[in-house]
Every structure is written in structure tokens, then in C-alpha cells.
Amino acid sequence: MFDDKLLAALNDQMTFEFYSGYIYKAMAAYCRPLDLDGFANWLEIQALEEMTHGERFYLYINDSGGRVHLGAIAEPKADYSSPLEAFETALHHEQIVTGRINKLVDTALAQSDHASRIFLDWFVTEQIEEEANVGSVVAKLHLIGDDMPALFLLDQDLAARAFNPPPPGTLGVTGG
Ligand SMILES: [Fe+2]
Ligand SMILES: [Fe+2]
């Protein structure tokens, strides 16, 4: 069973992960009409990944005897001035997520909730990858500048990203 403060924070982060998926989906919807199908593909897969992050929290809260509370999700930004602006926004968002995860770890440690700390370890590591992946696209877009042929080459690169769903039974701590 969780302490109330930690349970509220876990529910908040679950909602925030689903919200992250919503943000990435809106970014994909911005790229589709521009025929940047590779960018859209990358962002759609990122949206799916965020749903699995929310699912991890959902299962963990349930498995630990807590009550899931799905919070309100704000409307995501629909338009960007460029793919660079979208990915810079994504990078900033991931930095916010990293800060939130670190604060959650602090809360778990303050409660001596070691199970939650171990659960959160996965997200601590995941955020290093998230920031690196988004940061790499931002860096490439800076290199590309106004070079359209280079932008289309990057678009082809991003088209290759595939969604690898976590194997069944691996998201929850008790095999759920
Ligand atoms: Fe996430
Ligand atoms: Fe993320």
C-alpha cells in the first residue's frame, strides 16, 4: 500500500505519460499534411511508447493495491512553425518528464518505499534514452537548416523506426 502523497504523485505521472502520448500524436498530425511521413511515423511510434509508459504506472498502482485515478488531459498544441520547433518542444517536454521522474524518486525515498524506487529506476534509465533520441533529431535539424534534400533524407531515416511492443506480461511487476 502506498502513502497518499506517493499514490497521488504516481497517478499524476501516469496521466502525464498518457498526456505525452497525446502531445506526440498531435505533432505527428502536424507532420502528416506536410508529407513528412517519416517524421510523422517516428512521432506516432513515440506516442505508442508513451501509452506503454502510462500502462506501466497503471499496472504498478493496481498491483500494489493503490487506486488508479486518471486525471484530465489538456488539449495538445496542434501547430508548429517547423519540424525543428516541434522537436525542440519535444526535447523540452522530455526534460520536464525527467525532472518529474527524479522528484518521484525523491518522494519514494522520503517514504522509504523501496519497491516504488525500484519500479521508478526503469523510468530513470528510459529518460536518458528519450532525451538522447529526441536530442539527436533536434541536432540533425539544426545541421540541416534550410537544406530541403537533406530534410527529406532525414525523413526517410525516421520512416524506418518501428514500434516494438513490450512482450506480453512484461509491463507489470507481477506479470500483469
Ligand atoms: Fe514517457
Ligand atoms: Fe517520453
# chains A, B, ... in the order shown; residues from 1 in each chain; ligands from 1
$ residues_near_ligand --ligand "ligand 1" --cutoff "7 Å" --atoms "only C-alpha atoms and all ligand atoms" --output "list in words"
Glu17, Ser20, Glu50 and His53 of chain A
$ residues_around --residues "Phe152 (chain A)" --least-positions-apart "4" --cutoff "8 Å" --atoms "only C-alpha atoms" --output "list in words"
Leu36, Met148 and Gln156 of chain A
$ residues_near_ligand --ligand "ligand 2" --cutoff "9 Å" --atoms "only C-alpha atoms and all ligand atoms" --output "list in words"
Glu17, Ser20, Gly21, Gln46, Ala47, Glu49, Glu50, His53, Ala90, His93, Glu94, Val97, Thr98, Glu126, Gln127, Glu129, Glu130 and Glu131 of chain A
$ residues_around --residues "Glu75 (chain A)" --least-positions-apart "4" --cutoff "9 Å" --atoms "only C-alpha atoms" --output "list in words"
Tyr19, Tyr22 and Ile23 of chain A
$ closest_residue --among "A:Phe119, A:Tyr30, A:Tyr58, A:Phe163" --to "Asp12 (chain A)" --atoms "only C-alpha atoms"
A:Tyr58
$ select_by_dssp --residues "chain A" --states "alpha helix (DSSP H)" --output "number ranges by chain"
A: 4-31, 37-63, 83-110, 114-144, 148-159
$ write_last_selection --atoms "C-alpha atoms" --output "CSV table (one decimal), in the first residue's frame"
chain,number,residue,atom,x,y,z
A,4,ASP,CA,-1.3,9.1,0.0
A,5,LYS,CA,1.3,11.6,-1.3
A,6,LEU,CA,3.2,9.0,-3.3
A,7,LEU,CA,0.0,7.5,-4.7
A,8,ALA,CA,-1.2,10.9,-5.9
A,9,ALA,CA,2.2,11.5,-7.5
A,10,LEU,CA,2.2,8.1,-9.2
A,11,ASN,CA,-1.3,8.8,-10.6
A,12,ASP,CA,-0.2,12.2,-11.7
A,13,GLN,CA,2.7,10.7,-13.6
A,14,MET,CA,0.5,8.0,-15.2
A,15,THR,CA,-1.7,10.8,-16.5
A,16,PHE,CA,1.3,12.8,-17.6
A,17,GLU,CA,2.6,9.8,-19.6
A,18,PHE,CA,-0.7,9.5,-21.4
A,19,TYR,CA,-0.6,13.3,-22.0
A,20,SER,CA,2.9,12.9,-23.5
A,21,GLY,CA,1.4,10.4,-26.0
A,22,TYR,CA,-1.3,13.0,-26.8
A,23,ILE,CA,1.4,15.6,-27.5
A,24,TYR,CA,3.4,13.3,-29.8
A,25,LYS,CA,0.2,12.3,-31.6
A,26,ALA,CA,-0.6,16.0,-32.3
A,27,MET,CA,3.0,16.5,-33.5
A,28,ALA,CA,2.5,13.6,-35.9
A,29,ALA,CA,-0.8,15.1,-37.1
A,30,TYR,CA,1.1,18.4,-37.8
A,31,CYS,CA,3.7,16.5,-39.9
A,37,ASP,CA,5.7,10.9,-43.4
A,38,GLY,CA,9.0,9.7,-41.8
A,39,PHE,CA,8.7,12.4,-39.1
A,40,ALA,CA,5.0,11.5,-38.6
A,41,ASN,CA,5.9,7.8,-38.3
A,42,TRP,CA,8.6,8.5,-35.7
A,43,LEU,CA,6.2,10.6,-33.7
A,44,GLU,CA,3.3,8.1,-33.9
A,45,ILE,CA,5.6,5.4,-32.6
A,46,GLN,CA,6.7,7.7,-29.8
A,47,ALA,CA,3.0,8.3,-29.0
A,48,LEU,CA,2.5,4.5,-28.7
A,49,GLU,CA,5.6,4.2,-26.5
A,50,GLU,CA,4.2,6.9,-24.2
A,51,MET,CA,1.0,4.8,-23.9
A,52,THR,CA,3.1,1.9,-22.7
A,53,HIS,CA,4.7,4.2,-20.1
A,54,GLY,CA,1.3,5.2,-18.8
A,55,GLU,CA,0.4,1.5,-18.8
A,56,ARG,CA,3.4,0.7,-16.6
A,57,PHE,CA,2.2,3.1,-13.9
A,58,TYR,CA,-1.4,1.8,-14.3
A,59,LEU,CA,-0.3,-1.8,-13.6
A,60,TYR,CA,2.1,-0.8,-10.9
A,61,ILE,CA,-0.5,1.2,-9.0
A,62,ASN,CA,-3.0,-1.7,-9.3
A,63,ASP,CA,-0.5,-4.4,-8.5
A,83,PRO,CA,9.6,20.3,-37.6
A,84,LEU,CA,12.5,21.9,-35.7
A,85,GLU,CA,10.1,23.8,-33.4
A,86,ALA,CA,8.1,20.6,-32.8
A,87,PHE,CA,11.2,18.5,-31.9
A,88,GLU,CA,12.6,21.3,-29.7
A,89,THR,CA,9.3,21.3,-27.9
A,90,ALA,CA,9.5,17.5,-27.6
A,91,LEU,CA,13.0,17.8,-26.1
A,92,HIS,CA,11.9,20.4,-23.6
A,93,HIS,CA,8.9,18.1,-22.7
A,94,GLU,CA,11.2,15.2,-22.1
A,95,GLN,CA,13.4,17.3,-19.8
A,96,ILE,CA,10.3,18.1,-17.8
A,97,VAL,CA,9.4,14.4,-17.7
A,98,THR,CA,13.0,13.6,-16.4
A,99,GLY,CA,12.5,16.3,-13.7
A,100,ARG,CA,9.2,14.8,-12.7
A,101,ILE,CA,10.6,11.2,-12.5
A,102,ASN,CA,13.5,12.4,-10.4
A,103,LYS,CA,11.1,14.1,-8.0
A,104,LEU,CA,9.0,10.9,-7.8
A,105,VAL,CA,12.1,9.0,-6.8
A,106,ASP,CA,12.8,11.6,-4.1
A,107,THR,CA,9.2,11.1,-2.8
A,108,ALA,CA,9.6,7.3,-2.8
A,109,LEU,CA,12.9,7.6,-1.0
A,110,ALA,CA,11.4,10.0,1.6
A,114,HIS,CA,11.9,0.8,-1.9
A,115,ALA,CA,9.5,-1.1,-4.2
A,116,SER,CA,8.5,2.2,-5.8
A,117,ARG,CA,12.1,3.3,-6.1
A,118,ILE,CA,12.9,0.1,-7.9
A,119,PHE,CA,9.9,0.5,-10.2
A,120,LEU,CA,10.9,4.1,-11.0
A,121,ASP,CA,14.5,3.0,-11.8
A,122,TRP,CA,13.2,1.8,-15.2
A,123,PHE,CA,12.0,5.3,-16.0
A,124,VAL,CA,15.2,7.0,-14.8
A,125,THR,CA,17.1,5.0,-17.4
A,126,GLU,CA,14.4,5.4,-20.0
A,127,GLN,CA,14.6,9.2,-19.7
A,128,ILE,CA,18.3,9.1,-20.7
A,129,GLU,CA,17.3,7.3,-23.9
A,130,GLU,CA,14.3,9.6,-24.5
A,131,GLU,CA,16.3,12.8,-24.2
A,132,ALA,CA,19.1,11.3,-26.4
A,133,ASN,CA,16.7,10.2,-29.1
A,134,VAL,CA,14.8,13.5,-29.4
A,135,GLY,CA,18.0,15.5,-28.9
A,136,SER,CA,19.6,13.7,-31.8
A,137,VAL,CA,16.8,14.7,-34.2
A,138,VAL,CA,17.0,18.3,-32.9
A,139,ALA,CA,20.7,18.3,-33.6
A,140,LYS,CA,20.3,16.9,-37.1
A,141,LEU,CA,17.6,19.5,-37.9
A,142,HIS,CA,20.0,22.3,-36.8
A,143,LEU,CA,22.6,20.9,-39.2
A,144,ILE,CA,20.1,20.6,-42.0
A,148,MET,CA,15.4,20.6,-48.3
A,149,PRO,CA,17.1,17.5,-49.9
A,150,ALA,CA,18.8,16.9,-46.5
A,151,LEU,CA,15.4,17.2,-44.7
A,152,PHE,CA,13.9,14.5,-47.0
A,153,LEU,CA,16.9,12.2,-46.3
A,154,LEU,CA,16.3,12.6,-42.5
A,155,ASP,CA,12.6,12.0,-43.2
A,156,GLN,CA,13.5,8.7,-44.8
A,157,ASP,CA,15.7,7.8,-41.9
A,158,LEU,CA,12.8,8.4,-39.4
A,159,ALA,CA,10.5,6.3,-41.5
